[in-house]
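Trainee: Here you go, entry-v7.cif (mmCIF, C-alpha atoms):
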```
data_my_file
loop_
_atom_site.group_PDB
_atom_site.id
_atom_site.type_symbol
_atom_site.label_atom_id
_atom_site.label_comp_id
_atom_site.auth_asym_id
_atom_site.auth_seq_id
_atom_site.Cartn_x
_atom_site.Cartn_y
_atom_site.Cartn_z
ATOM 1 C CA MET Y 25 -133.506 92.523 -185.100
ATOM 2 C CA SER Y 26 -133.496 92.231 -181.285
ATOM 3 C CA TRP Y 27 -130.926 90.253 -179.341
ATOM 4 C CA LYS Y 28 -133.681 87.906 -178.147
ATOM 5 C CA SER Y 29 -134.740 86.961 -181.655
ATOM 6 C CA TYR Y 30 -131.086 86.701 -182.722
ATOM 7 C CA PHE Y 31 -130.308 84.136 -180.005
ATOM 8 C CA LYS Y 32 -133.485 82.210 -180.821
ATOM 9 C CA ARG Y 33 -132.272 81.856 -184.386
ATOM 10 C CA THR Y 34 -128.650 81.019 -183.556
ATOM 11 C CA TRP Y 35 -128.818 78.837 -180.447
ATOM 12 C CA LYS Y 36 -129.247 75.716 -182.577
ATOM 13 C CA TYR Y 37 -126.075 76.521 -184.490
ATOM 14 C CA TRP Y 38 -124.188 77.068 -181.245
ATOM 15 C CA ALA Y 39 -125.469 73.757 -179.861
ATOM 16 C CA ILE Y 40 -124.529 71.907 -183.047
ATOM 17 C CA GLY Y 41 -121.072 73.496 -182.973
ATOM 18 C CA ILE Y 42 -120.447 72.552 -179.335
ATOM 19 C CA PHE Y 43 -121.615 68.969 -179.792
ATOM 20 C CA SER Y 44 -119.560 68.669 -182.971
ATOM 21 C CA LEU Y 45 -116.467 69.857 -181.090
ATOM 22 C CA ILE Y 46 -117.069 67.336 -178.301
ATOM 23 C CA PHE Y 47 -117.661 64.559 -180.854
ATOM 24 C CA ILE Y 48 -114.470 65.400 -182.764
ATOM 25 C CA THR Y 49 -112.484 65.502 -179.498
ATOM 26 C CA ILE Y 50 -113.772 62.044 -178.552
ATOM 27 C CA ILE Y 51 -112.950 60.667 -182.017
ATOM 28 C CA VAL Y 52 -109.416 62.096 -181.858
ATOM 29 C CA LEU Y 53 -108.926 60.777 -178.322
ATOM 30 C CA PHE Y 54 -110.013 57.252 -179.249
ATOM 31 C CA SER Y 55 -107.963 57.357 -182.445
ATOM 32 C CA PHE Y 56 -104.779 58.173 -180.563
ATOM 33 C CA ARG Y 57 -105.454 56.436 -177.234
ATOM 34 C CA ALA Y 58 -103.233 53.445 -178.115
ATOM 35 C CA ARG Y 59 -100.366 55.837 -178.749
ATOM 36 C CA ILE Y 60 -101.155 57.753 -175.555
ATOM 37 C CA LEU Y 61 -101.235 54.456 -173.617
ATOM 38 C CA LYS Y 62 -97.815 53.535 -174.982
ATOM 39 C CA LEU Y 63 -96.425 56.882 -173.793
ATOM 40 C CA VAL Y 64 -98.064 56.489 -170.373
ATOM 41 C CA VAL Y 65 -96.618 52.975 -169.931
ATOM 42 C CA LYS Y 66 -93.190 54.283 -170.871
ATOM 43 C CA GLU Y 67 -93.560 57.132 -168.356
ATOM 44 C CA VAL Y 68 -94.605 54.739 -165.565
ATOM 45 C CA ILE Y 69 -91.620 52.475 -166.273
ATOM 46 C CA THR Y 70 -89.283 55.491 -166.273
ATOM 47 C CA ARG Y 71 -90.638 56.685 -162.918
ATOM 48 C CA VAL Y 72 -90.331 53.291 -161.244
ATOM 49 C CA GLU Y 73 -86.813 52.720 -162.560
ATOM 50 C CA GLY Y 74 -85.869 56.273 -161.595
ATOM 51 C CA LYS Y 75 -87.071 55.780 -158.026
ATOM 52 C CA TYR Y 76 -85.698 52.293 -157.411
ATOM 53 C CA PRO Y 77 -82.641 50.331 -158.663
ATOM 54 C CA VAL Y 78 -84.775 47.898 -160.659
ATOM 55 C CA LYS Y 79 -85.691 46.751 -164.133
ATOM 56 C CA PHE Y 80 -89.454 47.155 -164.550
ATOM 57 C CA THR Y 81 -91.035 45.520 -167.593
ATOM 58 C CA ILE Y 82 -94.526 45.426 -169.053
ATOM 59 C CA GLY Y 83 -94.663 42.958 -171.924
ATOM 60 C CA LYS Y 84 -97.868 44.169 -173.558
ATOM 61 C CA ALA Y 85 -100.551 46.781 -172.873
ATOM 62 C CA ASN Y 86 -103.693 47.555 -174.854
ATOM 63 C CA PHE Y 87 -107.307 48.626 -174.448
ATOM 64 C CA SER Y 88 -109.839 45.804 -174.143
ATOM 65 C CA ASP Y 89 -112.728 48.313 -174.098
ATOM 66 C CA TYR Y 90 -113.133 52.071 -173.850
ATOM 67 C CA ASN Y 91 -111.614 52.423 -170.362
ATOM 68 C CA THR Y 92 -110.107 49.029 -169.484
ATOM 69 C CA VAL Y 93 -106.450 48.326 -170.140
ATOM 70 C CA GLY Y 94 -105.067 44.793 -170.260
ATOM 71 C CA MET Y 95 -101.378 44.289 -169.447
ATOM 72 C CA GLU Y 96 -99.332 41.107 -169.717
ATOM 73 C CA LYS Y 97 -96.037 39.801 -168.354
ATOM 74 C CA ILE Y 98 -95.230 42.451 -165.750
ATOM 75 C CA ALA Y 99 -92.034 41.968 -163.739
ATOM 76 C CA LEU Y 100 -89.994 43.889 -161.174
ATOM 77 C CA VAL Y 101 -86.371 42.728 -161.047
ATOM 78 C CA PRO Y 102 -83.858 44.457 -158.734
ATOM 79 C CA ILE Y 103 -80.565 45.155 -160.511
ATOM 80 C CA GLY Y 104 -78.256 42.181 -160.020
ATOM 81 C CA ARG Y 105 -80.830 40.290 -157.915
ATOM 82 C CA ASP Y 106 -83.554 37.690 -158.317
ATOM 83 C CA THR Y 107 -87.024 38.689 -159.508
ATOM 84 C CA LEU Y 108 -89.048 40.261 -156.702
ATOM 85 C CA MET Y 109 -92.447 40.419 -158.377
ATOM 86 C CA LYS Y 110 -94.075 39.106 -161.525
ATOM 87 C CA THR Y 111 -97.606 38.651 -162.762
ATOM 88 C CA SER Y 112 -99.075 37.239 -165.944
ATOM 89 C CA ASN Y 113 -102.112 39.491 -166.447
ATOM 90 C CA ILE Y 114 -103.505 42.748 -165.098
ATOM 91 C CA ASP Y 115 -106.799 44.313 -166.143
ATOM 92 C CA VAL Y 116 -107.207 47.878 -164.941
ATOM 93 C CA GLU Y 117 -110.027 50.376 -165.291
ATOM 94 C CA ILE Y 118 -108.410 53.703 -166.007
ATOM 95 C CA SER Y 119 -109.578 57.283 -166.378
ATOM 96 C CA VAL Y 120 -108.898 58.155 -170.024
ATOM 97 C CA ARG Y 121 -108.779 61.854 -169.141
ATOM 98 C CA SER Y 122 -106.031 61.242 -166.589
ATOM 99 C CA MET Y 123 -103.899 59.636 -169.294
ATOM 100 C CA LEU Y 124 -103.764 62.935 -171.153
ATOM 101 C CA PHE Y 125 -101.777 64.352 -168.216
ATOM 102 C CA PHE Y 126 -99.613 61.198 -167.893
ATOM 103 C CA ARG Y 127 -100.997 60.714 -164.377
ATOM 104 C CA PRO Y 128 -103.107 57.553 -164.762
ATOM 105 C CA VAL Y 129 -105.890 57.164 -162.203
ATOM 106 C CA PHE Y 130 -107.011 53.583 -161.595
ATOM 107 C CA SER Y 131 -110.469 52.694 -160.303
ATOM 108 C CA GLU Y 132 -110.216 48.887 -160.237
ATOM 109 C CA LEU Y 133 -107.509 46.260 -160.687
ATOM 110 C CA THR Y 134 -107.823 42.566 -161.467
ATOM 111 C CA ILE Y 135 -104.510 40.730 -161.166
ATOM 112 C CA GLU Y 136 -103.953 37.113 -162.186
ATOM 113 C CA ASN Y 137 -101.053 34.844 -161.261
ATOM 114 C CA ALA Y 138 -99.088 37.290 -159.122
ATOM 115 C CA PHE Y 139 -95.908 36.127 -157.405
ATOM 116 C CA LEU Y 140 -94.062 38.136 -154.756
ATOM 117 C CA THR Y 141 -90.771 36.431 -153.859
ATOM 118 C CA ALA Y 142 -88.511 37.913 -151.187
ATOM 119 C CA LYS Y 143 -85.076 36.290 -150.937
ATOM 120 C CA LYS Y 144 -82.122 36.692 -148.600
ATOM 121 C CA HIS Y 145 -78.998 34.578 -148.987
ATOM 122 C CA ASN Y 146 -75.493 35.190 -147.642
ATOM 123 C CA GLY Y 147 -76.526 38.640 -146.411
ATOM 124 C CA ALA Y 148 -77.778 39.778 -149.847
ATOM 125 C CA ASP Y 149 -81.473 40.274 -150.554
ATOM 126 C CA ASN Y 150 -83.778 41.384 -153.355
ATOM 127 C CA TYR Y 151 -86.097 43.588 -151.279
ATOM 128 C CA GLY Y 152 -83.922 45.829 -149.089
ATOM 129 C CA PHE Y 153 -84.282 48.813 -151.430
ATOM 130 C CA LEU Y 154 -87.990 48.981 -150.559
ATOM 131 C CA MET Y 155 -87.439 49.210 -146.833
ATOM 132 C CA LYS Y 156 -87.945 52.669 -145.389
ATOM 133 C CA LYS Y 157 -85.058 53.856 -143.275
ATOM 134 C CA LYS Y 158 -86.011 53.916 -139.634
ATOM 135 C CA LYS Y 159 -84.392 55.206 -136.487
ATOM 136 C CA ALA Y 160 -82.268 52.706 -134.667
ATOM 137 C CA ALA Y 161 -84.485 50.417 -132.639
ATOM 138 C CA ALA Y 162 -83.776 48.809 -129.298
ATOM 139 C CA PRO Y 163 -81.682 45.620 -129.512
ATOM 140 C CA ARG Y 164 -83.793 42.675 -130.558
ATOM 141 C CA ASP Y 165 -84.243 39.750 -128.233
ATOM 142 C CA THR Y 166 -82.180 37.086 -130.004
ATOM 143 C CA THR Y 167 -83.592 34.320 -127.809
ATOM 144 C CA SER Y 168 -86.993 34.545 -129.499
ATOM 145 C CA SER Y 169 -87.893 33.510 -133.026
ATOM 146 C CA ARG Y 170 -87.832 36.046 -135.861
ATOM 147 C CA ASN Y 171 -91.001 38.009 -136.600
ATOM 148 C CA TYR Y 172 -91.522 37.505 -140.328
ATOM 149 C CA GLY Y 173 -94.528 39.811 -140.212
ATOM 150 C CA ASP Y 174 -92.144 42.707 -139.513
ATOM 151 C CA LEU Y 175 -90.152 41.682 -142.576
ATOM 152 C CA LEU Y 176 -93.053 41.212 -145.005
ATOM 153 C CA ASN Y 177 -95.162 44.192 -143.875
ATOM 154 C CA PRO Y 178 -92.965 46.862 -145.553
ATOM 155 C CA LEU Y 179 -92.916 44.816 -148.769
ATOM 156 C CA ILE Y 180 -96.682 44.408 -148.856
ATOM 157 C CA GLU Y 181 -97.309 48.037 -147.854
ATOM 158 C CA THR Y 182 -94.996 49.243 -150.631
ATOM 159 C CA ALA Y 183 -96.691 46.954 -153.149
ATOM 160 C CA PHE Y 184 -100.171 48.179 -152.212
ATOM 161 C CA GLU Y 185 -99.606 51.835 -151.308
ATOM 162 C CA ASN Y 186 -100.539 53.094 -154.782
ATOM 163 C CA VAL Y 187 -103.277 50.659 -155.741
ATOM 164 C CA PRO Y 188 -106.919 51.764 -156.078
ATOM 165 C CA ASP Y 189 -109.668 51.072 -153.546
ATOM 166 C CA LYS Y 190 -110.810 47.932 -155.362
ATOM 167 C CA VAL Y 191 -108.328 45.169 -156.215
ATOM 168 C CA ASN Y 192 -108.971 41.522 -157.060
ATOM 169 C CA PHE Y 193 -106.167 38.948 -157.050
ATOM 170 C CA ARG Y 194 -106.547 35.507 -158.566
ATOM 171 C CA ASN Y 195 -103.807 33.066 -157.618
ATOM 172 C CA PHE Y 196 -101.599 35.308 -155.473
ATOM 173 C CA LYS Y 197 -98.477 33.745 -153.962
ATOM 174 C CA VAL Y 198 -96.029 35.264 -151.479
ATOM 175 C CA THR Y 199 -92.724 33.512 -150.783
ATOM 176 C CA TYR Y 200 -89.888 34.277 -148.387
ATOM 177 C CA GLU Y 201 -86.591 32.427 -148.784
ATOM 178 C CA SER Y 202 -83.483 32.673 -146.625
ATOM 179 C CA ASP Y 203 -80.533 30.442 -145.779
ATOM 180 C CA ARG Y 204 -82.556 28.815 -143.012
ATOM 181 C CA ARG Y 205 -86.200 29.245 -143.931
ATOM 182 C CA LYS Y 206 -88.665 29.052 -146.787
ATOM 183 C CA ILE Y 207 -92.211 30.293 -146.274
ATOM 184 C CA ASN Y 208 -94.978 30.052 -148.875
ATOM 185 C CA VAL Y 209 -98.378 31.721 -148.661
ATOM 186 C CA ALA Y 210 -100.831 30.869 -151.446
ATOM 187 C CA MET Y 211 -104.122 32.718 -151.855
ATOM 188 C CA PRO Y 212 -106.428 31.554 -154.670
ATOM 189 C CA GLU Y 213 -108.544 34.676 -154.134
ATOM 190 C CA LEU Y 214 -107.695 38.013 -152.519
ATOM 191 C CA SER Y 215 -109.940 41.069 -152.696
ATOM 192 C CA ILE Y 216 -109.426 44.574 -151.355
ATOM 193 C CA GLU Y 217 -112.342 46.988 -151.380
ATOM 194 C CA ASP Y 218 -112.510 50.258 -149.438
ATOM 195 C CA GLY Y 219 -109.721 49.068 -147.154
ATOM 196 C CA ASN Y 220 -111.376 45.729 -146.362
ATOM 197 C CA ILE Y 221 -109.425 42.584 -147.251
ATOM 198 C CA THR Y 222 -111.014 39.206 -147.882
ATOM 199 C CA THR Y 223 -109.067 36.148 -148.930
ATOM 200 C CA ALA Y 224 -109.024 32.367 -149.178
#
```
Show how you would write the structure in this file as structure tokens.

Mentor:
Amino acid sequence: MSWKSYFKRTWKYWAIGIFSLIFITIIVLFSFRARILKLVVKEVITRVEGKYPVKFTIGKANFSDYNTVGMEKIALVPIGRDTLMKTSNIDVEISVRSMLFFRPVFSELTIENAFLTAKKHNGADNYGFLMKKKKAAAPRDTTSSRNYGDLLNPLIETAFENVPDKVNFRNFKVTYESDRRKINVAMPELSIEDGNITTA
């Protein structure tokens, strides 16, 4: 029997074997994806709490379809301080393959009822740990009013530095409180896509 005739007779078996292996892998992946998700969530919490002095909580996380994860009651609370960030719901499209390596890759985020609250009272704040250390700047002109953009920019940049290219916020509120001021910014809709921001 020639090699040509041998491969003609066996290629179907090879094809069936390969497709069967792929099918079994998919079945196993979907069977254990809830467990994998639980491990990934735990790893993300460990990383955040290892990097910053905070308590990071995710109340619930599960798959709503084959690649969309729904999370509820997320909060970021600095140790010994008031809550900095909380949100009621997040829906995220995630690469299932990336979860196998515990390096989740997000393609789209939808966030509902997000609250970012920066507070500073009696010299103590709940956001200072996020500020990047900078070289000493020239003395500030104390005769002019404070630039709150300079204060909030590092917070917002830190919050968004690891988000995907497409993010949709529904009911997003940013608050700054100090001994002398309270500033509220409410955005019913905020969308970020490919670096472009649109909001109401």

Trainee: Tell me which of Y:Tyr76, Y:Asn86, Y:Arg194, Y:Ile42 sits closest to Y:Thr111, counting all atoms listed in the file.

Mentor: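 The shortest atom-to-atom distance to Y:Thr111 comes from Y:Arg194.
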
Trainee: For the file shown, report as a PyMOL selection string the outcome of the PyMOL selection byres ((chain Y and resi 84) around 12) at residue level.

Mentor: chain Y and resi 58+61-62+65-66+81-83+85-87+93-99+112-115

Trainee: Could you check the closest approach to Y:Val191 for each of Y:Phe56, Y:Phe80, Y:Phe130, Y:Phe43 and tell me which residue wins, using all atoms listed in the file?

Mentor: Y:Phe130

Trainee: Return as a ChimeraX atom specification the set of residues that the PyMOL selection byres ((chain Y and resi 91) around 10) yields on the displayed structure.

Mentor: /Y:87-90,92-93,116-121,130

Trainee: Check which residues satisfy the PyMOL selection byres ((chain Y and resi 77) around 10) in the file shown, then give them as a PyMOL selection string.

Mentor: chain Y and resi 72-76+78-80+101-104+153-154

Trainee: What's the separation between atom CA of Y:Thr199 and atom CA of Y:Ile216, in Å to one decimal place?

Mentor: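 The value is 20.0 Å.
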
Trainee: In Å to one decimal, how far is atom CA of Y:Thr141 from atom CA of Y:Met109?

Mentor: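 These atoms are spaced 6.3 Å apart.
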
Trainee: Between Y:Val68, Y:Met211, Y:Leu108, Y:Leu63, which is the closest to Y:Asn137 once you count only C-alpha atoms?

Mentor: Y:Met211

Trainee: To one decimal place, how far is atom CA of Y:Glu136 from atom CA of Y:Glu213 in Å?

Mentor: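 The value is 9.6 Å.
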
Trainee: My list of candidates is Y:Thr222, Y:Thr34, Y:Val64, Y:Thr107. Which is closest to Y:Asn150 when distances are computed with only C-alpha atoms?

Mentor: Y:Thr107
